[in-house]
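Structure data follow from start-v1.cif (mmCIF, C-alpha atoms and all ligand atoms):
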data_entry
#
loop_
_atom_site.label_atom_id
_atom_site.label_comp_id
_atom_site.auth_asym_id
_atom_site.auth_seq_id
_atom_site.Cartn_x
_atom_site.Cartn_y
_atom_site.Cartn_z
CA MET A 67 -5.36 20.23 34.79
CA ASN A 68 -6.54 17.09 33.02
CA PRO A 69 -3.86 14.38 33.52
CA TRP A 70 -4.22 13.29 29.87
CA SER A 71 -3.34 16.76 28.59
CA VAL A 72 -0.30 16.81 30.88
CA ALA A 73 0.76 13.31 29.79
CA THR A 74 0.42 14.25 26.10
CA ALA A 75 2.45 17.43 26.56
CA VAL A 76 5.13 15.41 28.38
CA VAL A 77 5.22 12.74 25.64
CA LEU A 78 5.52 15.34 22.85
CA GLY A 79 7.93 17.55 24.78
CA THR A 80 10.38 14.87 25.92
CA ARG A 81 10.72 13.53 22.40
CA LEU A 82 11.39 17.00 21.03
CA LEU A 83 13.97 17.76 23.74
CA GLY A 84 15.55 14.32 23.31
CA GLU A 85 15.95 14.85 19.56
CA LEU A 86 17.29 18.37 20.12
CA LEU A 87 19.93 16.89 22.44
CA PHE A 88 20.82 14.03 20.05
CA GLU A 89 21.19 16.28 17.01
CA THR A 90 23.21 18.86 18.96
CA LEU A 91 25.58 16.06 19.98
CA ASN A 92 25.68 14.83 16.36
CA GLN A 93 26.52 18.30 15.04
CA ARG A 94 29.29 18.73 17.60
CA LEU A 95 30.74 15.33 16.75
CA LEU A 96 30.77 16.33 13.06
CA VAL A 97 32.66 19.53 13.90
CA ARG A 98 35.25 17.48 15.82
CA LEU A 99 35.53 15.01 12.93
CA ALA A 100 36.00 17.88 10.47
CA ALA A 101 38.82 19.25 12.62
CA GLY A 102 40.62 15.89 12.30
CA GLY A 103 43.06 14.96 15.02
CA HIS A 104 43.30 11.79 17.05
CA ASP A 105 40.69 12.25 19.73
CA ALA A 106 37.85 9.90 20.62
CA ALA A 107 35.68 11.28 17.79
CA ALA A 108 38.24 10.44 15.14
CA ALA A 109 38.68 6.97 16.64
CA MET A 110 34.99 6.25 15.93
CA ALA A 111 35.52 6.76 12.20
CA VAL A 112 37.30 4.19 10.04
CA HIS A 113 38.88 6.80 7.76
CA PRO A 114 38.68 10.56 8.12
CA PRO A 115 35.31 11.21 6.41
CA SER A 116 35.38 13.34 3.26
CA PRO A 117 34.21 16.99 3.57
CA ARG A 118 31.28 16.10 1.33
CA ALA A 119 30.22 13.21 3.62
CA LEU A 120 30.47 15.55 6.62
CA ASP A 121 28.32 18.15 4.81
CA TYR A 122 25.76 15.48 3.99
CA ALA A 123 25.64 14.22 7.59
CA ARG A 124 25.22 17.82 8.84
CA ALA A 125 22.40 18.51 6.38
CA ARG A 126 20.59 15.28 7.28
CA SER A 127 20.90 15.99 10.99
CA ARG A 128 19.42 19.49 10.53
CA PHE A 129 16.61 18.03 8.41
CA ARG A 130 15.74 15.43 11.05
CA LEU A 131 15.63 18.08 13.74
CA PHE A 132 13.40 20.33 11.66
CA SER A 133 11.11 17.34 10.87
CA VAL A 134 10.53 16.44 14.51
CA LEU A 135 9.92 20.10 15.38
CA TYR A 136 7.41 20.38 12.52
CA GLU A 137 5.64 17.16 13.54
CA THR A 138 5.43 18.28 17.16
CA VAL A 139 3.91 21.64 16.19
CA VAL A 140 1.37 19.95 13.88
CA LEU A 141 0.32 17.52 16.64
CA ALA A 142 0.19 20.23 19.31
CA VAL A 143 -2.05 22.40 17.10
CA LEU A 144 -4.31 19.46 16.17
CA LEU A 145 -4.70 18.28 19.76
CA GLY A 146 -4.67 21.59 21.56
CA SER A 147 -6.64 23.98 19.35
CA GLY A 148 -10.05 22.31 19.57
CA VAL A 149 -10.19 21.87 15.77
CA LEU A 150 -10.67 18.09 16.08
CA PRO A 151 -13.86 18.09 18.22
CA ARG A 152 -15.35 20.82 15.98
CA ALA A 153 -14.57 18.80 12.84
CA TRP A 154 -15.95 15.65 14.53
CA ARG A 155 -19.30 17.34 15.33
CA LEU A 156 -19.60 18.71 11.79
CA TRP A 157 -18.72 15.30 10.37
CA GLN A 158 -21.39 13.56 12.47
CA GLU A 159 -24.02 16.09 11.37
CA HIS A 160 -23.28 15.46 7.70
CA ALA A 161 -21.95 11.90 7.46
CA GLY A 162 -23.95 10.33 10.29
CA THR A 163 -22.83 8.14 13.17
CA THR A 164 -22.36 4.75 11.52
CA LEU A 165 -19.17 2.74 12.03
CA TRP A 166 -18.17 3.52 8.43
CA ALA A 167 -18.63 7.26 9.03
CA ASP A 168 -16.49 7.05 12.19
CA ALA A 169 -13.80 5.05 10.38
CA ALA A 170 -13.80 7.53 7.48
CA PHE A 171 -13.33 10.45 9.89
CA LEU A 172 -10.35 8.78 11.54
CA TRP A 173 -8.89 7.85 8.16
CA SER A 174 -9.24 11.42 6.90
CA VAL A 175 -7.46 12.91 9.91
CA PHE A 176 -4.62 10.36 9.65
CA ALA A 177 -4.36 10.99 5.89
CA LEU A 178 -4.27 14.76 6.46
CA THR A 179 -1.49 14.48 9.03
CA THR A 180 0.47 12.48 6.44
CA ALA A 181 -0.22 14.98 3.65
CA VAL A 182 0.90 17.84 5.90
CA HIS A 183 4.36 16.24 5.83
CA TRP A 184 4.54 16.10 2.02
CA PRO A 185 6.43 19.42 1.78
CA LEU A 186 9.11 17.86 3.98
CA THR A 187 9.44 14.69 1.91
CA TRP A 188 9.49 16.87 -1.21
CA TYR A 189 12.27 19.00 0.25
CA GLU A 190 14.22 15.93 1.31
CA ARG A 191 14.08 14.43 -2.17
CA PHE A 192 14.35 17.41 -4.49
CA ARG A 193 16.54 19.71 -2.40
CA LEU A 194 18.60 17.72 0.11
CA GLU A 195 19.16 14.46 -1.78
CA GLN A 196 19.35 16.38 -5.07
CA ARG A 197 22.10 18.66 -3.73
CA PHE A 198 24.29 15.65 -2.94
CA GLY A 199 23.59 13.98 -6.27
CA PHE A 200 21.49 11.12 -4.91
CA ASN A 201 18.06 11.94 -6.28
CA THR A 202 17.01 10.39 -9.59
CA ALA A 203 13.22 10.62 -9.10
CA THR A 204 11.15 12.97 -11.24
CA ALA A 205 8.26 15.02 -9.88
CA ARG A 206 5.99 12.64 -11.76
CA THR A 207 7.37 9.59 -9.91
CA TRP A 208 7.02 11.46 -6.63
CA TRP A 209 3.37 12.35 -7.22
CA SER A 210 2.56 8.87 -8.49
CA ASP A 211 4.06 7.45 -5.26
CA ARG A 212 1.78 9.74 -3.19
CA PHE A 213 -1.21 8.69 -5.26
CA LYS A 214 -0.46 4.99 -4.86
CA GLY A 215 0.01 5.56 -1.13
CA ILE A 216 -3.47 7.07 -0.91
CA VAL A 217 -5.02 4.19 -2.86
CA LEU A 218 -3.33 1.66 -0.58
CA GLY A 219 -4.41 3.71 2.43
CA VAL A 220 -8.05 3.59 1.32
CA LEU A 221 -7.97 -0.13 0.41
CA LEU A 222 -6.12 -1.27 3.54
CA GLY A 223 -6.49 1.46 6.15
CA LEU A 224 -10.19 2.20 5.90
CA PRO A 225 -11.48 -1.41 6.31
CA THR A 226 -8.90 -1.97 9.10
CA LEU A 227 -10.19 1.05 11.01
CA TRP A 228 -13.77 -0.08 10.47
CA GLY A 229 -12.90 -3.58 11.73
CA LEU A 230 -11.14 -2.19 14.78
CA LEU A 231 -14.05 0.08 15.70
CA ALA A 232 -16.50 -2.80 15.21
CA TRP A 233 -14.37 -5.00 17.45
CA ILE A 234 -14.21 -2.36 20.17
CA ARG A 235 -17.99 -1.90 20.05
CA HIS A 236 -19.07 -5.54 19.86
CA GLY A 237 -16.08 -7.53 21.18
CA GLY A 238 -16.86 -7.28 24.90
CA PRO A 239 -14.33 -6.35 27.60
CA TRP A 240 -11.63 -8.55 26.03
CA TRP A 241 -12.01 -6.97 22.59
CA TRP A 242 -8.33 -6.03 22.57
CA LEU A 243 -7.20 -9.66 22.56
CA GLY A 244 -9.21 -10.39 19.40
CA ALA A 245 -8.12 -7.11 17.83
CA TRP A 246 -4.49 -7.89 18.65
CA ALA A 247 -4.72 -11.36 17.09
CA GLY A 248 -6.40 -9.80 14.04
CA ALA A 249 -3.68 -7.14 13.74
CA VAL A 250 -0.85 -9.70 13.97
CA GLY A 251 -2.64 -11.91 11.43
CA LEU A 252 -3.14 -8.97 9.07
CA GLY A 253 0.48 -7.84 9.50
CA LEU A 254 1.80 -11.31 8.70
CA PHE A 255 -0.54 -11.61 5.73
CA LEU A 256 0.52 -8.22 4.31
CA ASN A 257 4.19 -9.07 4.83
CA ARG A 258 3.58 -12.32 2.99
CA VAL A 259 1.82 -10.78 -0.03
CA ALA A 260 3.68 -7.44 -0.23
CA PRO A 261 6.66 -8.75 -2.25
CA VAL A 262 4.24 -10.16 -4.83
CA LEU A 263 1.29 -7.75 -4.81
CA ILE A 264 2.37 -4.40 -3.36
CA LEU A 265 6.09 -3.77 -3.94
CA PRO A 266 5.91 -4.48 -7.73
CA TRP A 267 3.48 -1.56 -7.97
CA PHE A 268 6.29 0.79 -6.95
CA ASN A 269 9.35 -0.93 -8.45
CA ARG A 270 10.37 -3.45 -11.05
CA PHE A 271 11.75 -6.75 -9.77
CA ASP A 272 13.84 -8.90 -12.11
CA PRO A 273 15.46 -12.28 -11.62
CA LEU A 274 19.25 -12.36 -11.75
CA PRO A 275 20.41 -12.31 -15.38
CA GLU A 276 22.59 -15.16 -16.68
CA GLY A 277 26.28 -14.52 -16.10
CA PRO A 278 29.14 -14.83 -13.63
CA LEU A 279 27.18 -13.20 -10.77
CA ARG A 280 24.29 -15.62 -11.14
CA ASP A 281 26.67 -18.60 -11.34
CA ARG A 282 28.42 -17.47 -8.19
CA LEU A 283 25.16 -16.87 -6.32
CA GLU A 284 23.83 -20.24 -7.43
CA ARG A 285 26.75 -21.90 -5.65
CA LEU A 286 26.09 -19.74 -2.58
CA ALA A 287 22.41 -20.64 -2.78
CA ARG A 288 23.20 -24.36 -2.77
CA ARG A 289 25.53 -23.98 0.19
CA THR A 290 23.00 -21.99 2.26
CA GLY A 291 19.82 -23.74 1.08
CA PHE A 292 18.38 -20.45 -0.14
CA PRO A 293 17.06 -20.81 -3.73
CA VAL A 294 18.56 -18.40 -6.25
CA ARG A 295 15.12 -17.63 -7.70
CA ASP A 296 14.45 -15.82 -4.40
CA ILE A 297 17.25 -13.34 -5.18
CA GLN A 298 15.98 -10.42 -7.27
CA ILE A 299 17.18 -7.10 -8.62
CA MET A 300 15.07 -3.98 -8.07
CA ASP A 301 15.22 -0.76 -10.10
CA GLY A 302 16.15 1.37 -7.08
CA SER A 303 17.80 3.77 -9.54
CA ARG A 304 14.31 4.96 -10.46
CA ARG A 305 14.37 7.13 -7.32
CA THR A 306 17.86 7.25 -5.86
CA ARG A 307 21.58 6.68 -6.44
CA HIS A 308 21.87 5.23 -2.95
CA SER A 309 22.59 1.51 -3.10
CA ASN A 310 21.13 -1.05 -0.78
CA ALA A 311 20.02 -4.65 -0.29
CA PHE A 312 17.26 -6.00 1.91
CA PHE A 313 15.38 -9.11 2.91
CA THR A 314 11.59 -9.15 2.77
CA GLY A 315 8.56 -11.46 2.96
CA TRP A 316 8.36 -14.94 4.38
CA GLY A 317 7.31 -18.40 3.26
CA ARG A 318 7.22 -18.61 -0.52
CA SER A 319 7.33 -14.83 -0.95
CA ARG A 320 10.65 -14.33 0.86
CA ARG A 321 13.20 -12.44 -1.19
CA VAL A 322 16.69 -11.05 -1.03
CA VAL A 323 16.42 -7.84 -3.05
CA LEU A 324 19.46 -6.07 -4.51
CA TYR A 325 19.21 -2.51 -5.79
CA ASP A 326 20.40 -2.24 -9.38
CA THR A 327 22.67 0.57 -8.12
CA LEU A 328 24.35 -1.97 -5.83
CA VAL A 329 24.86 -4.51 -8.60
CA GLY A 330 26.46 -1.83 -10.77
CA ARG A 331 28.81 -0.72 -8.03
CA LEU A 332 30.17 -3.84 -6.32
CA GLY A 333 32.33 -6.63 -7.64
CA THR A 334 31.14 -10.27 -7.74
CA ASP A 335 32.97 -11.17 -4.51
CA GLU A 336 31.46 -8.21 -2.68
CA LEU A 337 27.95 -8.86 -3.98
CA GLU A 338 28.20 -12.47 -2.90
CA ALA A 339 29.15 -11.29 0.60
CA VAL A 340 26.20 -8.87 0.74
CA VAL A 341 23.79 -11.60 -0.38
CA ALA A 342 25.30 -14.00 2.18
CA HIS A 343 24.64 -11.38 4.87
CA GLU A 344 20.97 -11.08 3.78
CA ILE A 345 20.57 -14.87 3.63
CA GLY A 346 22.03 -14.85 7.16
CA HIS A 347 19.05 -12.79 8.32
CA ALA A 348 16.74 -15.46 6.90
CA ARG A 349 18.73 -18.46 8.15
CA LEU A 350 19.18 -17.07 11.67
CA GLY A 351 15.44 -16.48 12.08
CA HIS A 352 15.66 -12.69 12.38
CA VAL A 353 12.40 -12.20 10.51
CA ARG A 354 10.59 -14.49 12.93
CA LYS A 355 12.25 -12.81 15.91
CA LEU A 356 11.28 -9.35 14.68
CA TRP A 357 7.67 -10.52 14.38
CA ILE A 358 7.74 -11.87 17.94
CA VAL A 359 9.03 -8.49 19.18
CA THR A 360 6.40 -6.67 17.10
CA ALA A 361 3.59 -8.92 18.35
CA GLY A 362 4.71 -8.28 21.94
CA ILE A 363 4.71 -4.53 21.43
CA TRP A 364 1.29 -4.64 19.77
CA ALA A 365 -0.12 -6.71 22.68
CA LEU A 366 1.02 -4.01 25.11
CA ALA A 367 -0.34 -1.29 22.81
CA PHE A 368 -3.79 -2.92 22.49
CA ALA A 369 -4.06 -3.68 26.23
CA GLY A 370 -3.04 -0.09 26.98
CA ALA A 371 -5.53 1.26 24.44
CA ALA A 372 -8.34 -0.87 25.94
CA TRP A 373 -7.68 0.68 29.33
CA ALA A 374 -7.24 4.26 27.99
CA LEU A 375 -10.46 4.15 25.92
CA GLU A 376 -12.41 3.47 29.15
CA GLN A 377 -11.17 6.70 30.74
CA PRO A 378 -13.66 9.58 30.30
CA ALA A 379 -10.89 12.08 31.10
CA LEU A 380 -9.08 11.09 27.88
CA TYR A 381 -12.00 12.34 25.77
CA ARG A 382 -12.62 15.46 27.84
CA ALA A 383 -8.94 16.47 27.74
CA PHE A 384 -9.28 17.06 23.99
CA GLY A 385 -12.81 18.46 23.88
CA PHE A 386 -14.77 15.26 23.08
CA GLU A 387 -17.68 13.68 24.94
CA PRO A 388 -17.04 10.14 26.27
CA GLY A 389 -19.28 7.39 24.87
CA ASN A 390 -18.04 6.75 21.35
CA PRO A 391 -14.52 5.22 21.37
CA ALA A 392 -13.65 6.62 17.89
CA PRO A 393 -12.25 10.01 19.07
CA GLY A 394 -10.26 8.24 21.80
CA LEU A 395 -8.77 5.95 19.19
CA LEU A 396 -7.97 8.99 17.05
CA ILE A 397 -6.02 10.65 19.88
CA LEU A 398 -4.12 7.44 20.68
CA GLY A 399 -3.35 6.97 16.97
CA LEU A 400 -2.03 10.53 16.65
CA CYS A 401 0.18 10.02 19.73
CA SER A 402 1.42 6.57 18.65
CA GLY A 403 4.51 8.02 16.93
CA PRO A 404 5.79 9.97 19.95
CA LEU A 405 4.89 7.03 22.23
CA GLY A 406 6.68 4.53 19.98
CA TRP A 407 9.77 6.74 20.18
CA TRP A 408 10.37 5.33 23.67
CA LEU A 409 10.57 1.79 22.28
CA SER A 410 13.14 2.75 19.68
CA PRO A 411 16.33 2.03 21.73
CA TRP A 412 14.98 -1.30 22.90
CA ILE A 413 14.16 -2.51 19.35
CA HIS A 414 17.38 -1.18 17.83
CA ALA A 415 19.55 -2.88 20.47
CA ARG A 416 18.15 -6.12 19.05
CA THR A 417 18.45 -5.28 15.35
CA ARG A 418 22.08 -4.16 15.85
CA ARG A 419 22.88 -7.53 17.39
CA TRP A 420 21.25 -9.25 14.41
CA GLU A 421 23.47 -7.26 12.03
CA PHE A 422 26.60 -8.60 13.77
CA GLU A 423 25.14 -12.13 13.58
CA ALA A 424 24.37 -11.80 9.85
CA ASP A 425 27.88 -10.41 9.21
CA ALA A 426 29.41 -13.38 11.06
CA PHE A 427 27.17 -15.76 9.09
CA ALA A 428 28.42 -14.27 5.80
CA ALA A 429 32.07 -14.55 6.90
CA ARG A 430 31.58 -18.18 8.01
CA THR A 431 29.76 -19.14 4.83
CA LEU A 432 32.40 -17.60 2.56
CA ASP A 433 35.33 -18.69 4.75
CA SER A 434 36.54 -15.11 4.65
CA ALA A 435 35.47 -11.78 6.06
CA ALA A 436 37.45 -9.81 3.48
CA PRO A 437 34.77 -9.42 0.75
CA LEU A 438 32.11 -8.24 3.21
CA ARG A 439 34.50 -5.78 4.83
CA GLN A 440 35.39 -4.42 1.42
CA ALA A 441 31.72 -4.18 0.41
CA LEU A 442 30.74 -2.41 3.64
CA GLU A 443 33.56 0.11 3.32
CA ARG A 444 32.72 0.85 -0.28
CA LEU A 445 28.98 1.19 0.38
CA HIS A 446 29.51 3.53 3.32
CA ARG A 447 31.89 5.65 1.26
CA GLU A 448 29.66 5.89 -1.82
CA ASN A 449 26.48 6.51 0.16
CA LEU A 450 28.35 9.27 2.08
CA ALA A 451 27.48 7.30 5.24
CA GLU A 452 30.98 7.26 6.70
CA PRO A 453 30.71 9.82 9.51
CA PRO A 454 29.58 7.92 12.63
CA SER A 455 26.68 9.27 14.70
CA HIS A 456 27.05 10.27 18.31
CA PRO A 457 26.81 7.16 20.57
CA TRP A 458 23.67 8.49 22.27
CA TYR A 459 21.90 9.04 18.93
CA ARG A 460 23.06 5.63 17.76
CA PHE A 461 21.81 3.95 20.96
CA TRP A 462 18.36 5.46 20.41
CA HIS A 463 17.90 5.36 16.65
CA GLU A 464 20.25 3.24 14.62
CA SER A 465 19.18 -0.18 13.42
CA HIS A 466 22.71 -0.95 12.16
CA PRO A 467 25.99 -0.81 14.12
CA PRO A 468 28.53 1.78 12.97
CA LEU A 469 30.93 0.73 10.23
CA ALA A 470 33.95 0.73 12.54
CA ASP A 471 32.30 -1.72 14.96
CA ARG A 472 31.24 -4.05 12.15
CA LEU A 473 34.71 -4.08 10.62
CA ARG A 474 36.24 -4.71 14.05
CA ALA A 475 33.85 -7.61 14.72
CA LEU A 476 34.61 -9.08 11.30
CA ALA A 477 38.32 -8.89 12.03
CA ARG A 478 37.95 -11.07 15.13
CA PRO A 479 38.94 -14.72 14.82
CA ALA A 480 35.30 -15.89 15.07
CA GLY A 481 34.48 -13.90 11.92
CA ASP A 482 37.55 -14.92 9.97
CA PRO A 483 40.01 -17.55 11.21
CA SER A 484 42.76 -16.16 8.97
CA SER A 485 42.68 -12.69 10.52
CA PRO A 486 44.83 -11.66 13.47
ZN ZN A 501 21.51 -6.70 7.67
#

What's the structure tokens form of this structure?
Ligand SMILES: [Zn+2]
Amino acid sequence: MNPWSVATAVVLGTRLLGELLFETLNQRLLVRLAAGGHDAAAAMAVHPPSPRALDYARARSRFRLFSVLYETVVLAVLLGSGVLPRAWRLWQEHAGTTLWADAAFLWSVFALTTAVHWPLTWYERFRLEQRFGFNTATARTWWSDRFKGIVLGVLLGLPTLWGLLAWIRHGGPWWWLGAWAGAVGLGLFLNRVAPVLILPWFNRFDPLPEGPLRDRLERLARRTGFPVRDIQIMDGSRRTRHSNAFFTGWGRSRRVVLYDTLVGRLGTDELEAVVAHEIGHARLGHVRKLWIVTAGIWALAFAGAAWALEQPALYRAFGFEPGNPAPGLLILGLCSGPLGWWLSPWIHARTRRWEFEADAFAARTLDSAAPLRQALERLHRENLAEPPSHPWYRFWHESHPPLADRLRALARPAGDPSSP
């Protein structure tokens, strides 16, 4: 048996089994929550979740499980059936063996594996989210999003793949160091320009209108040194009734973005607390820290790829001839999702800590934890996000701490001196 085939089967299989375990635990927790009572499950929830929220959590859990099963089958068929080396030979006969032809082949396979998942994203939006009253997108918006995704994929993905292949071929034994630096540079650049050049293609961004909210946020902005012109409202209601806020970009393109659905739903005090939390992420350097973590992971990934691409057995395991690194890169790219799954708990342990820090920042800045606690409770209730996940699932997947833990942390004296 080729060790690369075994390793791939192990990587795909452990993720599938892990997700099966997590979602089984989630479903059982939801059953216990539905039964009520005062056991450990109920203690994890702030209030007994509504039957509708429990239904929604159950449906989402089933959907996640089906998605990972579907993705595993697609990858297993692609990698195990011999279809890729056959397509590669045909491609080389017709498109030639230039770097651009190689890059285009890789791009096409990656694009196809994305398109194969469209039925799932369609189902999620127009069946699952629709059933719970969250979807506001039309089929037209959905297709236009796919189309824009393809255009961006061609403009950004194709030249990136070409550059990477050129670097591997001409960069010498240390090509991966240059490629890594290039990838980090490109990532930073895209993150810098996305709020100005890419995101407005999908959504409308407006400055805060004149009024009490703007006045209040202007005072907050002065106190935190975060200019109010960097706070914008996005037409999230174009696709969903879920409400959210996020921080994006860096340097002069940094933004706190509020969904219009959020602005319509929260009071001025609560919105101020949410914005203070987002400004906390900026002030506490979480964006910079996330980039350091990302750069570290990418360094490991590139060094690992440089070693793997030198192994003839990698190519032979999937029916390719060693020599051209492009098929090796294709296999590594296809397996990057299941491989990255193992990093998930490590990254999320960090992001959960940052959420507590940003909450504490908001409470300190406003001299009270009450508005943020109120906002968090209301948002969880209205987004049907109240039922907590099983601790094992949370440990692996969740970027945010559960509501109960956040409220508890906010109630501590460090978060709010006036609280018990
Ligand atoms: Zn946050």

(message) Show me which residues line ligand ZN 501 (chain A), defined as having an atom within 8 Å of a ligand atom where only C-alpha atoms and all ligand atoms count, and present them as a list in words.
(response)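 Checking only C-alpha atoms and all ligand atoms against ligand ZN 501 (chain A) at 8 Å gives Phe312, His343, Glu344, His347, Trp420, Glu421, Ala424, Asp425 and His466 of chain A.
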
Please save C-alpha atoms of the selected residues as a PDB file, in the frame of the given file.
ATOM      1  CA  PHE A 312      17.260  -6.000   1.910  1.00  0.00           C
ATOM      2  CA  HIS A 343      24.640 -11.380   4.870  1.00  0.00           C
ATOM      3  CA  GLU A 344      20.970 -11.080   3.780  1.00  0.00           C
ATOM      4  CA  HIS A 347      19.050 -12.790   8.320  1.00  0.00           C
ATOM      5  CA  TRP A 420      21.250  -9.250  14.410  1.00  0.00           C
ATOM      6  CA  GLU A 421      23.470  -7.260  12.030  1.00  0.00           C
ATOM      7  CA  ALA A 424      24.370 -11.800   9.850  1.00  0.00           C
ATOM      8  CA  ASP A 425      27.880 -10.410   9.210  1.00  0.00           C
ATOM      9  CA  HIS A 466      22.710  -0.950  12.160  1.00  0.00           C
TER      10      HIS A 466
END

(message) as a VMD selection string, please: the residues near A:Gly248 (cut-off 12 Å, all atoms listed in the file, same-chain neighbours under 3 positions excluded).
(response) chain A and resid 226 to 227 229 to 230 233 241 to 245 251 to 255 361 364 to 365 368

Residues as selected, C-alpha atoms, written as a PDB file, keeping the file's coordinate frame, can you do that?
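Once written, result.pdb looks like this:
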ATOM      1  CA  THR A 226      -8.900  -1.970   9.100  1.00  0.00           C
ATOM      2  CA  LEU A 227     -10.190   1.050  11.010  1.00  0.00           C
ATOM      3  CA  GLY A 229     -12.900  -3.580  11.730  1.00  0.00           C
ATOM      4  CA  LEU A 230     -11.140  -2.190  14.780  1.00  0.00           C
ATOM      5  CA  TRP A 233     -14.370  -5.000  17.450  1.00  0.00           C
ATOM      6  CA  TRP A 241     -12.010  -6.970  22.590  1.00  0.00           C
ATOM      7  CA  TRP A 242      -8.330  -6.030  22.570  1.00  0.00           C
ATOM      8  CA  LEU A 243      -7.200  -9.660  22.560  1.00  0.00           C
ATOM      9  CA  GLY A 244      -9.210 -10.390  19.400  1.00  0.00           C
ATOM     10  CA  ALA A 245      -8.120  -7.110  17.830  1.00  0.00           C
ATOM     11  CA  GLY A 251      -2.640 -11.910  11.430  1.00  0.00           C
ATOM     12  CA  LEU A 252      -3.140  -8.970   9.070  1.00  0.00           C
ATOM     13  CA  GLY A 253       0.480  -7.840   9.500  1.00  0.00           C
ATOM     14  CA  LEU A 254       1.800 -11.310   8.700  1.00  0.00           C
ATOM     15  CA  PHE A 255      -0.540 -11.610   5.730  1.00  0.00           C
ATOM     16  CA  ALA A 361       3.590  -8.920  18.350  1.00  0.00           C
ATOM     17  CA  TRP A 364       1.290  -4.640  19.770  1.00  0.00           C
ATOM     18  CA  ALA A 365      -0.120  -6.710  22.680  1.00  0.00           C
ATOM     19  CA  PHE A 368      -3.790  -2.920  22.490  1.00  0.00           C
TER      20      PHE A 368
END

(request) Would you mind listing what lies within 12 Å of stretch 74-89 of chain A as a VMD selection string, with all atoms listed in the file counted and same-chain residues fewer than 5 positions away left out? (result) chain A and resid 67 to 69 94 to 96 123 to 143 145 to 146 380 383 to 384 397 to 398 400 to 410 455 to 463

(request) Find the distance between atom CA of A:Glu387 and atom CA of A:Pro151 and write it in Å to one decimal. (result) 8.9 Å

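For the atom pair formed by atom CA of A:Ala311 and atom CA of A:Ile299, the distance is 9.1 Å, given to one decimal.
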
Give me the residues within 7 Å of A:Ala232 as a compact mmCIF listing (two decimals) with C-alpha atoms, in the coordinates of the input, counting only C-alpha atoms and dropping any in the same chain fewer than 4 places off.
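Saved file result.txt follows:
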# COMPACT_ATOMS: atom_id res chain seq x y z
CA LEU A 165 -19.17 2.74 12.03
CA TRP A 228 -13.77 -0.08 10.47
CA HIS A 236 -19.07 -5.54 19.86

(message) Calculated over only C-alpha atoms, which of the candidates A:Leu286, A:Leu279, A:Met300, A:Val322 has the smallest distance to A:Pro266?
(response)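 Of all the options, A:Met300 lies closest to A:Pro266.
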
Would you compute an axis-aligned box for stretch 306-321 of chain A, covering every atom listed for it in the file with 3 Å of margin on each side, and report centre and edge lengths in Å to one decimal as AutoDock Vina command-line options?
--center_x 14.9 --center_y -5.7 --center_z -1.0 --size_x 21.4 --size_y 31.9 --size_z 16.8

(request) State, in Å with one decimal place, the distance from atom CA of A:Glu464 to atom CA of A:Asn92. (result)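 The value is 12.9 Å.
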
(message) Just want the 10 Å neighbourhood of stretch 108-122 of chain A, counted on all atoms listed in the file, with same-chain residues fewer than 3 positions away dropped. Output as an NGL selection string.
(response) :A and (93 or 95-105 or 125-128 or 194-195 or 197-198 or 443 or 446-457 or 468-471 or 473-474)

(message) Given the point (16.4, -16.8, 8.0) in the coordinates of this file, which residues lie within 12 Å, counting all atoms listed in the file, and how would they look as a ChimeraX atom specification?
(response) /A:290-292,313-317,320-322,342-356,420,423-424,427

Residues within 12 Å of stretch 215-217 of chain A, all atoms listed in the file, excluding chain neighbours under 5 positions, as a compact mmCIF listing (two decimals) with C-alpha atoms, in the frame of the given file:
# COMPACT_ATOMS: atom_id res chain seq x y z
CA TRP A 173 -8.89 7.85 8.16
CA SER A 174 -9.24 11.42 6.90
CA PHE A 176 -4.62 10.36 9.65
CA ALA A 177 -4.36 10.99 5.89
CA LEU A 178 -4.27 14.76 6.46
CA THR A 180 0.47 12.48 6.44
CA ALA A 181 -0.22 14.98 3.65
CA TRP A 184 4.54 16.10 2.02
CA TRP A 208 7.02 11.46 -6.63
CA TRP A 209 3.37 12.35 -7.22
CA SER A 210 2.56 8.87 -8.49
CA LEU A 222 -6.12 -1.27 3.54
CA GLY A 223 -6.49 1.46 6.15
CA LEU A 224 -10.19 2.20 5.90
CA ILE A 264 2.37 -4.40 -3.36
CA LEU A 265 6.09 -3.77 -3.94
CA TRP A 267 3.48 -1.56 -7.97
CA PHE A 268 6.29 0.79 -6.95

(message) Here is a test: counting only C-alpha atoms, which residue of A:Gly277, A:Pro378, A:Gly199, A:Gly370 is nearest to A:Arg307?
(response)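 Once distances to A:Arg307 are computed over only C-alpha atoms, the minimum belongs to A:Gly199.
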
(request) Determine the nearest neighbour of A:Trp246 from the options A:Ala205, A:Ala73, A:Leu432, A:Ala369, counting all atoms listed in the file. (result)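 Closest residue, counting all atoms listed in the file: A:Ala369.
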
(message) Under the rule that all atoms listed in the file are counted, which of A:Ala287, A:Ile363, A:Ala167, A:Ile234 is the nearest residue to A:Arg155?
(response)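 The shortest atom-to-atom distance to A:Arg155 comes from A:Ala167.
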